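Student: Take a look at this one; I'll ask things after.
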Amino acid sequence: MKMSSRRAWLKGMTLAALGTVAYYDLSAKSKPISLSLSLAEEDVLNRWMGGIIPESSIPGAVSLGVPTFVKTMLKDCYEPKAQQIFRSVLGQIPSLYKGDWSQASGPALEAFLFELEQGKHGADAQKSMSTLKGLTIQGYVTTEYVMVNHLNYQMAPGFWNPCVPVNK
């Protein structure tokens, strides 16, 4: 058994650590960040989420970028089987809607989403609606716009003001 010097051991460990970090970094860049959807599926998802939290005097879910959050959460936190079921329901939504899906808005869209939530279009559609509703609300209330302007979030509360007199 050959004894290695401390310097050689440190050099080997440093190279091993750097190699592990470089491999991990390169492998992470090759994977997509969020769930990849076709343009038609993107449009269905955006209209669906726009029905859950629509635009009004304040920005809605779509304009605040919540679809990116939802796709990332679906990709990272849900099983492939659940992702597949969600994508299949996403493909069925335009055919389940009574009318032209590309023009869906207002009370008709709300009534359709309520039917989905009640399970009138199947258990998979009900589960997908529940999942999407929860992720949309979570993504919406954690956006910077909502946190700062409506929930009075401060990054570091309790400011230090050294010029305050001790006695009033």
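Ligands are numbered from 1 in the order shown, residues from 1 within each chain, and chains are lettered A, B, ... in the order they appear in the structure tokens.
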Considering only C-alpha atoms, tabulate each residue of segment 103-138 of chain A that lies at most 10 Å from segment 33-52 of chain A along with its nearest interatomic pair and the corresponding distance in Å to one decimal; arrange the rows by chain and ascending residue number and present them as a Markdown table.
Tutor:
| residue | atom | partner | partner_atom | distance |
| --- | --- | --- | --- | --- |
| A:Gln103 | CA | A:Arg47 | CA | 9.3 |
| A:Ala104 | CA | A:Arg47 | CA | 7.7 |
| A:Ser105 | CA | A:Gly51 | CA | 7.0 |
| A:Gly106 | CA | A:Gly51 | CA | 7.6 |
| A:Pro107 | CA | A:Gly51 | CA | 9.3 |
| A:Ala108 | CA | A:Gly51 | CA | 9.8 |
| A:Leu109 | CA | A:Gly51 | CA | 6.3 |
| A:Glu110 | CA | A:Gly51 | CA | 6.3 |
| A:Ala111 | CA | A:Gly51 | CA | 9.8 |
| A:Phe112 | CA | A:Gly51 | CA | 9.4 |
| A:Leu113 | CA | A:Gly51 | CA | 7.5 |
| A:Phe114 | CA | A:Ile52 | CA | 9.9 |
| A:Met129 | CA | A:Trp48 | CA | 9.1 |
| A:Leu132 | CA | A:Met49 | CA | 7.7 |
| A:Lys133 | CA | A:Ile52 | CA | 6.7 |
| A:Gly134 | CA | A:Ile52 | CA | 9.9 |
| A:Leu135 | CA | A:Met49 | CA | 9.8 |
| A:Thr136 | CA | A:Met49 | CA | 6.8 |
| A:Ile137 | CA | A:Ile52 | CA | 8.4 |
Student: Could you save the residues just selected, with C-alpha atoms, as a JSON list (two decimals), in the first residue's frame?
Tutor:
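Listed below is the output, result_30.json:
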[["chain", "number", "residue", "atom", "x", "y", "z"],
["A", 103, "GLN", "CA", -63.97, 32.64, -27.74],
["A", 104, "ALA", "CA", -64.71, 31.29, -24.23],
["A", 105, "SER", "CA", -64.95, 34.01, -21.60],
["A", 106, "GLY", "CA", -67.16, 35.46, -18.93],
["A", 107, "PRO", "CA", -70.15, 33.66, -17.41],
["A", 108, "ALA", "CA", -70.13, 30.81, -19.97],
["A", 109, "LEU", "CA", -66.52, 29.96, -19.13],
["A", 110, "GLU", "CA", -67.23, 30.22, -15.40],
["A", 111, "ALA", "CA", -70.19, 27.85, -15.74],
["A", 112, "PHE", "CA", -68.03, 25.37, -17.66],
["A", 113, "LEU", "CA", -65.29, 25.51, -15.02],
["A", 114, "PHE", "CA", -67.91, 24.98, -12.32],
["A", 129, "MET", "CA", -59.48, 21.14, -12.43],
["A", 132, "LEU", "CA", -54.96, 23.51, -11.78],
["A", 133, "LYS", "CA", -57.11, 25.63, -9.48],
["A", 134, "GLY", "CA", -54.83, 25.00, -6.51],
["A", 135, "LEU", "CA", -51.64, 25.67, -8.47],
["A", 136, "THR", "CA", -53.11, 28.78, -10.07],
["A", 137, "ILE", "CA", -54.12, 30.27, -6.73]]
Student: Could you tell me how far atom CA of Thr72 of chain A lies from atom CA of Glu55 of chain A, in Å and to one decimal?
Tutor: 22.3 Å
Student: To one decimal place in Å, what is the distance between atom CA of Asn149 of chain A and atom CA of Gly60 of chain A?
Tutor: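 Atom-to-atom, atom CA of Asn149 of chain A and atom CA of Gly60 of chain A are spaced 13.8 Å apart.
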Student: Write out as a PyMOL selection string the residues lying within 9 Å of Ser128 of chain A, counting only C-alpha atoms and excluding same-chain residues fewer than 2 positions away.
Tutor: chain A and resi 82+85-86+89-90+116-117+123-126+130-133
